[in-house]
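S.K.: Have a look at this one before I ask anything.
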Amino acid sequence: MSPRPSADSEITWLLHRAAQRMRNATGERAEEHGLQLRDYIVLTALNLTPNLTQGELGKALGLDKTTLMSQLDKLERMGLVIRRHDPRDRRARIPQITDSGEDLREKVSQACHRVEQAALPNFTDDEVRLFRRMLIEIIGDSDDPGSCL
């Protein structure tokens, strides 16, 4: 039997367990649409922060160059992403979500939103907004050094 979280648990432990639960549930929704959760996360990053170079995207997501290139290759083969040359530096490439990539990302986003709502049924909209603000405060402005595990 695994340790059960309690109100006295460390925040790090609680965040880790909450992330596990949400990653599993949202991963299942992404898979229903033919994506892995990491695919969806990359598509969402491209949607939220367009015009990042591959290097900037990797840094923002905490993914090493090899992992990100494999991810982008896969998404490009699926027709969900294209890569164009950066007009500021012809050696750099800028991944861009395609229309079909955005359509699929939006479908998965809606499914993930339903997962979030189901995970927090006893909280008001204001409480959920406060929770989001607290998470944003914890995240801060620092670059992610990589995966949490």
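Simple scheme: letters A, B, ... for chains in structure tokens order, numbers from 1 for residues in each chain, numbers from 1 for ligands in the order shown.
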If you count only C-alpha atoms, which residues fall within 12 Å of range 50-60 of chain A, apart from same-chain ones fewer than 5 positions away, as a PyMOL selection string?
M.R.: chain A and resi 41-45+65-73+81-98+141-147
S.K.: Determine, counting only C-alpha atoms, which protein, DNA and RNA residues have an atom within 10 Å of an atom of range 27-33 of chain A; residues of the same chain fewer than 2 positions away are not included. Present the result as a PDB file with N, CA and C atoms, in the first residue's frame.
M.R.:
ATOM      1  N   ARG A  21      -1.734  11.973 -10.907  1.00  0.00           N
ATOM      2  CA  ARG A  21      -3.150  11.700 -11.197  1.00  0.00           C
ATOM      3  C   ARG A  21      -3.605  12.428 -12.455  1.00  0.00           C
ATOM      4  N   MET A  22      -3.258  13.696 -12.568  1.00  0.00           N
ATOM      5  CA  MET A  22      -3.677  14.472 -13.724  1.00  0.00           C
ATOM      6  C   MET A  22      -2.969  13.989 -14.992  1.00  0.00           C
ATOM      7  N   ARG A  23      -1.693  13.631 -14.887  1.00  0.00           N
ATOM      8  CA  ARG A  23      -0.948  13.141 -16.046  1.00  0.00           C
ATOM      9  C   ARG A  23      -1.584  11.851 -16.566  1.00  0.00           C
ATOM     10  N   ASN A  24      -1.962  10.954 -15.660  1.00  0.00           N
ATOM     11  CA  ASN A  24      -2.604   9.710 -16.086  1.00  0.00           C
ATOM     12  C   ASN A  24      -3.951   9.972 -16.753  1.00  0.00           C
ATOM     13  N   ALA A  25      -4.767  10.792 -16.125  1.00  0.00           N
ATOM     14  CA  ALA A  25      -6.113  11.049 -16.646  1.00  0.00           C
ATOM     15  C   ALA A  25      -6.070  11.819 -17.967  1.00  0.00           C
ATOM     16  N   LEU A  35      -2.816  10.735 -29.632  1.00  0.00           N
ATOM     17  CA  LEU A  35      -1.612  11.440 -29.186  1.00  0.00           C
ATOM     18  C   LEU A  35      -1.116  10.881 -27.863  1.00  0.00           C
ATOM     19  N   GLN A  36       0.164  11.028 -27.634  1.00  0.00           N
ATOM     20  CA  GLN A  36       0.719  10.819 -26.296  1.00  0.00           C
ATOM     21  C   GLN A  36       0.603  12.158 -25.570  1.00  0.00           C
ATOM     22  N   LEU A  37       0.637  12.135 -24.259  1.00  0.00           N
ATOM     23  CA  LEU A  37       0.503  13.375 -23.500  1.00  0.00           C
ATOM     24  C   LEU A  37       1.599  14.366 -23.882  1.00  0.00           C
ATOM     25  N   ARG A  38       2.825  13.886 -24.088  1.00  0.00           N
ATOM     26  CA  ARG A  38       3.915  14.799 -24.460  1.00  0.00           C
ATOM     27  C   ARG A  38       3.626  15.468 -25.798  1.00  0.00           C
ATOM     28  N   ASP A  39       3.004  14.747 -26.747  1.00  0.00           N
ATOM     29  CA  ASP A  39       2.617  15.350 -28.032  1.00  0.00           C
ATOM     30  C   ASP A  39       1.682  16.533 -27.782  1.00  0.00           C
ATOM     31  N   TYR A  40       0.699  16.298 -26.949  1.00  0.00           N
ATOM     32  CA  TYR A  40      -0.281  17.346 -26.636  1.00  0.00           C
ATOM     33  C   TYR A  40       0.392  18.538 -25.965  1.00  0.00           C
ATOM     34  N   ILE A  41       1.320  18.289 -25.059  1.00  0.00           N
ATOM     35  CA  ILE A  41       2.012  19.368 -24.365  1.00  0.00           C
ATOM     36  C   ILE A  41       2.835  20.195 -25.355  1.00  0.00           C
ATOM     37  N   LEU A 104      -6.801  19.232 -33.622  1.00  0.00           N
ATOM     38  CA  LEU A 104      -6.628  18.092 -32.729  1.00  0.00           C
ATOM     39  C   LEU A 104      -6.267  18.550 -31.322  1.00  0.00           C
ATOM     40  N   ARG A 105      -5.382  19.544 -31.216  1.00  0.00           N
ATOM     41  CA  ARG A 105      -4.999  20.074 -29.909  1.00  0.00           C
ATOM     42  C   ARG A 105      -6.219  20.611 -29.170  1.00  0.00           C
ATOM     43  N   LYS A 107      -9.378  19.657 -29.519  1.00  0.00           N
ATOM     44  CA  LYS A 107     -10.209  18.533 -29.077  1.00  0.00           C
ATOM     45  C   LYS A 107      -9.652  17.922 -27.786  1.00  0.00           C
ATOM     46  N   VAL A 108      -8.342  17.719 -27.758  1.00  0.00           N
ATOM     47  CA  VAL A 108      -7.716  17.149 -26.557  1.00  0.00           C
ATOM     48  C   VAL A 108      -7.832  18.141 -25.401  1.00  0.00           C
ATOM     49  N   SER A 109      -7.679  19.423 -25.690  1.00  0.00           N
ATOM     50  CA  SER A 109      -7.804  20.450 -24.650  1.00  0.00           C
ATOM     51  C   SER A 109      -9.185  20.410 -23.997  1.00  0.00           C
ATOM     52  N   GLN A 110     -10.214  20.274 -24.801  1.00  0.00           N
ATOM     53  CA  GLN A 110     -11.573  20.197 -24.258  1.00  0.00           C
ATOM     54  C   GLN A 110     -11.743  18.957 -23.388  1.00  0.00           C
ATOM     55  N   ALA A 111     -11.189  17.833 -23.837  1.00  0.00           N
ATOM     56  CA  ALA A 111     -11.271  16.598 -23.047  1.00  0.00           C
ATOM     57  C   ALA A 111     -10.498  16.750 -21.737  1.00  0.00           C
ATOM     58  N   CYS A 112      -9.343  17.396 -21.780  1.00  0.00           N
ATOM     59  CA  CYS A 112      -8.548  17.607 -20.567  1.00  0.00           C
ATOM     60  C   CYS A 112      -9.246  18.574 -19.610  1.00  0.00           C
ATOM     61  N   ARG A 114     -12.418  18.762 -19.196  1.00  0.00           N
ATOM     62  CA  ARG A 114     -13.424  17.946 -18.504  1.00  0.00           C
ATOM     63  C   ARG A 114     -12.778  17.105 -17.400  1.00  0.00           C
ATOM     64  N   VAL A 115     -11.563  16.620 -17.634  1.00  0.00           N
ATOM     65  CA  VAL A 115     -10.827  15.872 -16.606  1.00  0.00           C
ATOM     66  C   VAL A 115     -10.566  16.778 -15.404  1.00  0.00           C
TER      67      VAL A 115
END
S.K.: Which residues in range 2-149 of chain A does DSSP call strand (DSSP E or B)? List them as a list in words.
M.R.: Val81, Ile82, Arg83, Arg84, His85, Asp86, Asp89, Arg90, Arg91, Ala92, Arg93, Ile94, Pro95, Gln96 and Ile97 of chain A
S.K.: So that I have them on file, write out the residues from the current selection with C-alpha atoms, as a PDB file, in the first residue's frame.
M.R.:
ATOM      1  CA  VAL A  81       3.591  20.523 -37.096  1.00  0.00           C
ATOM      2  CA  ILE A  82       5.747  22.093 -39.787  1.00  0.00           C
ATOM      3  CA  ARG A  83       9.192  23.617 -39.322  1.00  0.00           C
ATOM      4  CA  ARG A  84      10.323  26.745 -41.083  1.00  0.00           C
ATOM      5  CA  HIS A  85      13.621  28.567 -41.089  1.00  0.00           C
ATOM      6  CA  ASP A  86      14.020  31.432 -38.626  1.00  0.00           C
ATOM      7  CA  ASP A  89      19.050  32.944 -38.205  1.00  0.00           C
ATOM      8  CA  ARG A  90      18.840  30.541 -41.165  1.00  0.00           C
ATOM      9  CA  ARG A  91      20.481  27.792 -39.064  1.00  0.00           C
ATOM     10  CA  ALA A  92      17.581  27.848 -36.576  1.00  0.00           C
ATOM     11  CA  ARG A  93      14.165  26.366 -37.231  1.00  0.00           C
ATOM     12  CA  ILE A  94      10.805  27.443 -35.875  1.00  0.00           C
ATOM     13  CA  PRO A  95       8.208  24.701 -35.352  1.00  0.00           C
ATOM     14  CA  GLN A  96       4.666  25.788 -36.106  1.00  0.00           C
ATOM     15  CA  ILE A  97       1.395  24.029 -35.393  1.00  0.00           C
TER      16      ILE A  97
END
S.K.: How far is it from CA of Arg77 in chain A to CA of Ala19 in chain A, in Å with one decimal?
M.R.: 29.2 Å
S.K.: Residues of chain A in helix (DSSP H, G or I) according to DSSP, as a PyMOL selection string?
M.R.: chain A and resi 11-32+37-48+54-61+65-77+99-119+125-139
S.K.: One decimal, Å: what's the distance from CA of Glu102 in chain A over to CA of Leu80 in chain A, could you say?
M.R.: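 It comes out at 7.5 Å.
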